[in-house]
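Since the structure comes first, as structure tokens, the remarks are kept for the end.
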Amino acid sequence: MASKTEKQTWETFVRRPGDLKEVIEIPMVLRDLTSGKKKYQMRHVIAVVSRKPDDMASMDILRVRTVVGVLLSDMWGIRILKNLPTELPGRPYHDFYEALRKAAAIGV
């Protein structure tokens, strides 16, 4: 587990690289890549991301992959603002990203 001063490393998956918008709150699913007992643990969150070096200095590290697993080369910083529940409302085997947006909108 990361110490209080050590940055955590997170990973997320996006359909399109343009889906990540800077400086706005967006619902995301994250996987913890930081070494320790919680490595690979998944979280649903509302977060703010940035590619600006000045912002990234005070943020955790975010690695971004496409839905088929291709790692994008852009460096991102992330600040988690709020945790969402692990179980989201919606129908199984339907649009996960839509269920994540609805959970964020109703503030579950």
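By order of appearance in the structure tokens: chains A, B, ..., then residues from 1 within every chain, and ligands from 1 in the order shown.
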Got a sec: who's within 7 Å of Gln8 (chain A), counting only C-alpha atoms, leaving out chain neighbours fewer than 2 positions off, as a PDB file with C-alpha atoms, in the first residue's frame?
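Below is the file that was written, part39.pdb:
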ATOM      1  CA  ALA A   2       1.210   3.485  -0.800  1.00  0.00           C
ATOM      2  CA  GLU A   6       3.663   8.194  -2.118  1.00  0.00           C
ATOM      3  CA  TRP A  10      -4.627   3.738 -10.940  1.00  0.00           C
ATOM      4  CA  THR A  34      -0.156   0.291  -6.300  1.00  0.00           C
ATOM      5  CA  ASP A  60      -2.172  10.363  -8.259  1.00  0.00           C
ATOM      6  CA  ILE A  61      -1.041   8.637 -11.474  1.00  0.00           C
TER       7      ILE A  61
END
**Request:** Pick out each residue of chain A that DSSP on the backbone tags as strand (DSSP E or B); I need them as an NGL selection string.
**Result:** :A and (9-14 or 22 or 26-32 or 42-50 or 60-66 or 71 or 76-84)
Store the residues picked out above in a file with C-alpha atoms, as a PDB file, in the first residue's frame.
ATOM      1  CA  THR A   9      -1.204   4.390  -9.429  1.00  0.00           C
ATOM      2  CA  TRP A  10      -4.627   3.738 -10.940  1.00  0.00           C
ATOM      3  CA  GLU A  11      -5.800   2.240 -14.218  1.00  0.00           C
ATOM      4  CA  THR A  12      -9.019   2.831 -16.135  1.00  0.00           C
ATOM      5  CA  PHE A  13     -10.524   1.696 -19.416  1.00  0.00           C
ATOM      6  CA  VAL A  14     -12.233   3.971 -21.962  1.00  0.00           C
ATOM      7  CA  GLU A  22     -10.102  17.419 -18.157  1.00  0.00           C
ATOM      8  CA  ILE A  26     -16.503  12.287 -14.388  1.00  0.00           C
ATOM      9  CA  PRO A  27     -17.658   8.873 -13.160  1.00  0.00           C
ATOM     10  CA  MET A  28     -14.989   6.214 -13.631  1.00  0.00           C
ATOM     11  CA  VAL A  29     -14.087   2.678 -12.729  1.00  0.00           C
ATOM     12  CA  LEU A  30     -10.532   2.382 -11.421  1.00  0.00           C
ATOM     13  CA  ARG A  31      -8.215  -0.506 -10.710  1.00  0.00           C
ATOM     14  CA  ASP A  32      -5.509   0.013  -8.094  1.00  0.00           C
ATOM     15  CA  MET A  42     -11.620  -2.125  -8.270  1.00  0.00           C
ATOM     16  CA  ARG A  43     -13.441   1.103  -7.330  1.00  0.00           C
ATOM     17  CA  HIS A  44     -16.237   3.166  -8.850  1.00  0.00           C
ATOM     18  CA  VAL A  45     -15.538   6.856  -8.287  1.00  0.00           C
ATOM     19  CA  ILE A  46     -16.196  10.396  -9.354  1.00  0.00           C
ATOM     20  CA  ALA A  47     -12.861  11.991 -10.211  1.00  0.00           C
ATOM     21  CA  VAL A  48     -11.122  14.853 -11.966  1.00  0.00           C
ATOM     22  CA  VAL A  49      -8.301  14.101 -14.415  1.00  0.00           C
ATOM     23  CA  SER A  50      -5.623  16.303 -15.947  1.00  0.00           C
ATOM     24  CA  ASP A  60      -2.172  10.363  -8.259  1.00  0.00           C
ATOM     25  CA  ILE A  61      -1.041   8.637 -11.474  1.00  0.00           C
ATOM     26  CA  LEU A  62      -3.630   7.351 -13.959  1.00  0.00           C
ATOM     27  CA  ARG A  63      -2.855   4.839 -16.706  1.00  0.00           C
ATOM     28  CA  VAL A  64      -5.492   4.679 -19.441  1.00  0.00           C
ATOM     29  CA  ARG A  65      -6.314   1.679 -21.643  1.00  0.00           C
ATOM     30  CA  THR A  66      -8.841   1.114 -24.398  1.00  0.00           C
ATOM     31  CA  LEU A  71      -2.256   1.137 -23.105  1.00  0.00           C
ATOM     32  CA  TRP A  76      -2.660  11.546 -16.754  1.00  0.00           C
ATOM     33  CA  GLY A  77      -3.105  12.683 -13.185  1.00  0.00           C
ATOM     34  CA  ILE A  78      -6.240  11.841 -11.171  1.00  0.00           C
ATOM     35  CA  ARG A  79      -7.879  13.203  -8.033  1.00  0.00           C
ATOM     36  CA  ILE A  80     -10.672  11.056  -6.575  1.00  0.00           C
ATOM     37  CA  LEU A  81     -13.486  13.237  -5.269  1.00  0.00           C
ATOM     38  CA  LYS A  82     -16.103  10.694  -4.229  1.00  0.00           C
ATOM     39  CA  ASN A  83     -16.530   6.927  -4.043  1.00  0.00           C
ATOM     40  CA  LEU A  84     -19.562   5.288  -5.650  1.00  0.00           C
TER      41      LEU A  84
END
**Asked** By how many Å are CA of Met59 (chain A) and CA of Ala104 (chain A) apart?
**Response** 21.3 Å
**Message:** Could you check the closest approach to Asp74 (chain A) for each of A:Lys52, A:Ile106, A:Glu25, A:Gly36 and tell me which residue wins, using only C-alpha atoms?
**Reply:**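 Smallest separation from Asp74 (chain A) among the options: A:Lys52.
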**Message:** Residues of region 49-90 of chain A classed as helix (DSSP H, G or I) by DSSP on the backbone are to be reported as a PyMOL selection string.
**Reply:** chain A and resi 53-56
I need the residues from that last selection saved to file as a PDB file, in the first residue's frame (with C-alpha atoms), if you can.
ATOM      1  CA  PRO A  53       2.193  18.983 -15.467  1.00  0.00           C
ATOM      2  CA  ASP A  54       1.342  21.621 -12.816  1.00  0.00           C
ATOM      3  CA  ASP A  55      -1.852  19.763 -11.834  1.00  0.00           C
ATOM      4  CA  MET A  56      -0.252  16.323 -12.007  1.00  0.00           C
TER       5      MET A  56
END
